[in-house]
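All remarks here apply to the structure that follows.
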Amino acid sequence: MKGIKLSKVKAVALNYAILIALALMSIYYAIDARGFPTLENLTNIFNQNSVYIILAVGQTLVILTAGIDLSVGAMLAFSAVVCADVAKHMEGYSYGIIPVVTLVSIALGATLGAFNGAMVTVFKIPPFIATLAMMTMARGMANIYCDARPIGHLPAEFKLIGTASIGGIPVPVFIMAAIAAGLFVVTRYTVFGRYVYAVGGNEEAARLSGVNVNATRFWVYVISGMCAGICGLILASRLGSGDPKLGYMYELVSIAAVVLGGTSLFGGRGSVIGTIYGALFMGVLENGLLLKGISTFYQWVIKGIVILIAVIVDELKRR
Amino acid sequence: MPQANKLLLLKGINKSYPGVRALIDVDFEVALGEVHALVGVNGAGKSTLIKILSGATRMDGGQITLDGKPLHITSPHRAIDLGISVIYQEFNLVPELSVAENVFLGREPHSAMGFVDYKKVYREVDALLKTLGTTVKSRTKVSSLGVAQQQLVEIARALVVKARIIAMDEPTAALSLQETDRLFSIVRRLKQEGKGLIFISHRMEEIFQIADRVTVLRDGRLVATKRLGEIDRNELVEMILGKKLKKYHSVRETVPGEEVLRVEGLSRKGVLEDINFSVHEGEILGIAGLVGAGKTELARAVVGLDRADGGRVLLRGKPKRFRSPIEAIKAGVVLVPEDRKNLGLILGLSVRDNISLPNLLRFSRGGFINGKQELKAVGDMITNLTVKTTSERQLVKNLSGGNQQKVVLAKWLLRGERVFIFDEPTRGIDVGAKVEIYQLINNLVREGAAIIVISSEFEEILELSDRIIVMHAGRVEGELSRAEATADNMLLLAMGGKHRGEGAPVAVGTSSAGQSGGADR
């Protein structure tokens, strides 16, 4: 009897491992690191990590289908330079700039994502390879587009997207919340979301159940691309510059957040909520280490260790 | 009993998984030169026991001794070193390596320089294969071998590591009758050489044919160990189930209605040749044949999983060309596949997710799922089909084989489908659940569904079918009515009957079925 109780406690602990770890770490920092528990710093953590979270929730859908999207960082960069360029050309249109660049970022991301999706579904190229190719192509195109020179001196209205606050909460946090909530609903409550899990769980069985496997896989890359496009807009706006070097290695950050959040790289298991916890965990960890004055190189090592621990915990959970 | 001839002795074995006691004080022994059958319904604890022996999992308590010496099986590698080899249903072979490389995998003999001595490897393996009475060559790639031959490679591997105990988990599940015979003659030889063999099977006739003793497990406990001379089939089945077996008879008024599905001249190069048949409402058509006769290929071609080169399929009189199973499903023709774990189910998802998957569009509006409606429909299915599960959120991989098959059925019943093709509906399913599956199929047909049952088990075909067609080498060899059909005349047709010919995958010659007719095609 006692054994069952204990194992139940263990199961719950493993299930919410990332959330518990996030809470414990936050409490530790709150006591230990000066400046951590302030409202300002917490808002800052969400703001800093909004881009990571958006990329990671998009990545979650791809990974749930047993795919992977290595191109998100490069698509982000391409979107950033294009958005900056469009904004620059629209100087003088005042707030009219905002809807236009928003649409441009989403459309560009969707197009690049659709290209990925087509490679994966029509030409049956493994997602790793297809998005690796997109990673180098999009990075190249971003540089070609702006002649490898960041596009600066952007209109003030454009910079509002990444820097303004509404009621003390930064706009990127709102955008992040909307996208995360949207994709949470999609994965939990829609037919498409169910198909995503089914395709990742067993593609062949899904096909035999009448699921349009190719369409499902295609759309997850489009969604991931759109997320990357929006992130490009946010970063270009926040920094006031469309830089083709933006988003370098962000694909790995997003994958790490997904894995930390308990989503299986083999597909079919995981959740958007988990990914948000995972991304926040990485963000809080980084923020705390920064406040404690630990150097970037040590941070990298610590983050690597954290990823390994997360995967080990996940492995234990499945036993 | 003299201790000496007890090769392997397991005493008081206990094993728990979170929330489940998989084995409770189980005793088990294998004597020298004995074939000991291990039986029980799925979930009885057979696999756990084998996994403990093979080192795949550790026991919580108990004792294992070999020749009176205590064994500590800490890993699969250790188990092999100790002389215990397990041959699982899914083989552990590397398809792209040669037979010999597989046999010696992980134990390659080294020359003085540390290089693998391949000459020696190939020589030894060829000699070994010869003693096993096979024509398989040591340099052949494993991927080019059939199931039976791959099994031989596994056996050869067990012999190379000088295994004293060889456990086989449902070794005959994918074998034809002839291949089974050949396997059994090898098993008998190993027995004479003093090996101890553990034989797991659901097939009663095989147990009585090959085993000396049988141990029955139920709910993780030892029921009994008996000499097979002491009991008969019914007694064994009752021990397995723990209750009296109700003889199952399908008393069904067969009033076939109008024709639903008609297949005309269906062909696929090298696989299917001019197949013709039809199924009516309220009728079960049995498709019998040995493994490799083309039955599964026929089912795949009908629903559009494979492309047919010629012929056509008519649904209610109208020609249909299914280019994919999606089109077949939309038209109401459902294939319940043989390989339910890979094709029928998504094991890592819940019972609810699996059942509702092909029905989601019905439970949704504008792409959003109506959870209440879905839950009610799924709950009704679970109740109606008596799926044994803790809740609809339980993952399908945690269910027994019989309950998994019920989940597959529930998916399609919920859609209200009327045309079903069941490919080996009870493969790997225990006796109790088998009867329930038969009842479900019979209920369906009573409600007017048109059903095709494909099976290599003649008993199953006889049990269910109103009409039977028998396939051999990709052709329909004959059609039998329920009254005409017997296991004997089905076997005759299945083995090529009068077309005793060259090139047929099943060579005639070992049984009485080979009444020649001479008339070659």
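In the structure tokens, chains take the letters A, B, ... in the order shown, each chain's residues start at 1, and ligands count up from 1 in the order shown.
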
**Study point:** Residue hits in chain B, query chain A, radius 10 Å, only C-alpha atoms, as a ChimeraX atom specification
**Key:** /B:16-20,303,305,324-330,334-337,339-349,353-361,363-371,408,411-412

If you keep C-alpha atoms, can you produce a file of those selected residues as a tab-separated table (two decimals), in the first residue's frame?
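Contents of out_0.tsv, freshly written:
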chain	number	residue	atom	x	y	z
B	16	SER	CA	5.86	-5.19	-9.18
B	17	TYR	CA	5.40	-2.28	-11.49
B	18	PRO	CA	3.83	0.93	-10.22
B	19	GLY	CA	0.27	-0.06	-9.32
B	20	VAL	CA	0.54	-3.62	-10.67
B	303	VAL	CA	-8.68	-0.55	-49.97
B	305	LEU	CA	-3.01	0.71	-49.84
B	324	SER	CA	-5.83	5.48	-50.69
B	325	PRO	CA	-7.40	4.09	-47.54
B	326	ILE	CA	-8.83	7.57	-46.93
B	327	GLU	CA	-10.98	7.17	-50.05
B	328	ALA	CA	-11.99	3.68	-48.98
B	329	ILE	CA	-13.00	4.95	-45.55
B	330	LYS	CA	-14.99	7.78	-47.07
B	334	VAL	CA	-12.73	-0.31	-43.57
B	335	LEU	CA	-9.64	-2.48	-43.29
B	336	VAL	CA	-8.93	-3.68	-39.76
B	337	PRO	CA	-5.29	-4.52	-40.27
B	339	ASP	CA	-0.58	-5.54	-37.60
B	340	ARG	CA	-2.74	-3.70	-35.12
B	341	LYS	CA	0.15	-2.30	-33.10
B	342	ASN	CA	1.69	-0.57	-36.10
B	343	LEU	CA	-1.28	0.04	-38.34
B	344	GLY	CA	-4.44	-0.12	-36.28
B	345	LEU	CA	-3.57	1.92	-33.21
B	346	ILE	CA	-1.52	4.78	-31.95
B	347	LEU	CA	-0.12	3.08	-28.89
B	348	GLY	CA	1.18	6.20	-27.17
B	349	LEU	CA	-2.20	7.94	-27.28
B	353	ASP	CA	-7.89	9.66	-28.79
B	354	ASN	CA	-7.72	6.38	-30.68
B	355	ILE	CA	-11.44	5.72	-30.77
B	356	SER	CA	-12.37	9.22	-31.81
B	357	LEU	CA	-9.61	9.72	-34.39
B	358	PRO	CA	-11.59	8.70	-37.49
B	359	ASN	CA	-14.74	10.27	-36.01
B	360	LEU	CA	-13.46	13.71	-35.07
B	361	LEU	CA	-15.21	15.54	-37.87
B	363	PHE	CA	-17.73	15.69	-33.01
B	364	SER	CA	-16.51	19.04	-34.19
B	365	ARG	CA	-17.72	22.31	-35.50
B	366	GLY	CA	-15.45	24.72	-37.32
B	367	GLY	CA	-12.52	22.52	-36.39
B	368	PHE	CA	-13.20	22.63	-32.66
B	369	ILE	CA	-13.92	19.37	-30.91
B	370	ASN	CA	-17.04	19.13	-28.78
B	371	GLY	CA	-15.46	17.36	-25.82
B	408	VAL	CA	-9.65	-0.76	-33.11
B	411	LYS	CA	-13.06	3.32	-33.87
B	412	TRP	CA	-14.96	1.98	-36.83

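With only C-alpha atoms as the atoms that count, the minimum distance from Leu413 (chain B) to the choices B:Pro256, B:Gly12, B:Pro95, B:Gly332 is reached by B:Gly332.
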
Point to revise | Residue among A:Leu160, A:Val9, A:Ile20, A:Ile68 lying closest to Tyr277 (chain A), counting only C-alpha atoms | key: A:Ile20

Exercise for review: Step one, run DSSP on the backbone; step two, keep only residues of region 128-286 of chain A assigned to strand (DSSP E); then write them as number ranges by chain.
Suggested key: A: 165-166, 169-170

Residue selection dump (N, CA and C atoms) as an mmCIF file, in the first residue's frame:
data_model
loop_
_atom_site.group_PDB
_atom_site.id
_atom_site.type_symbol
_atom_site.label_atom_id
_atom_site.label_comp_id
_atom_site.auth_asym_id
_atom_site.auth_seq_id
_atom_site.Cartn_x
_atom_site.Cartn_y
_atom_site.Cartn_z
ATOM 1 N N SER A 165 4.598 49.662 -23.924
ATOM 2 C CA SER A 165 3.919 48.886 -22.897
ATOM 3 C C SER A 165 2.469 49.331 -22.808
ATOM 4 N N ILE A 166 1.602 48.394 -22.504
ATOM 5 C CA ILE A 166 0.203 48.740 -22.257
ATOM 6 C C ILE A 166 -0.099 48.321 -20.831
ATOM 7 N N ILE A 169 2.596 46.401 -19.117
ATOM 8 C CA ILE A 169 3.038 45.122 -19.703
ATOM 9 C C ILE A 169 3.497 45.361 -21.148
ATOM 10 N N PRO A 170 4.701 44.916 -21.444
ATOM 11 C CA PRO A 170 5.250 45.155 -22.780
ATOM 12 C C PRO A 170 4.426 44.470 -23.876
#

Exercise for review: Using only C-alpha atoms, determine which residues lie at most 10 Å from Arg218 (chain B), disregarding the query and same-chain residues fewer than 2 positions distant; provide the list as number ranges by chain.
Suggested key: B: 22-23, 39-46, 216, 220-224, 239-242

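Considering the residues A:Ala177, A:Pro37, A:Val258, A:Val272 and counting only C-alpha atoms, Met25 (chain A) has its shortest atom-to-atom contact with A:Pro37.
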
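Take CA of Gly225 (chain A) and CA of Ile18 (chain A): the distance between them is 26.6 Å.
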
Exercise for review: Find the residues near Arg393 (chain B): any atom within 7 Å, counting only C-alpha atoms, skip ones fewer than 2 places away on the same chain, and give them as a PyMOL selection string.
Suggested key: chain B and resi 350-352+391+395
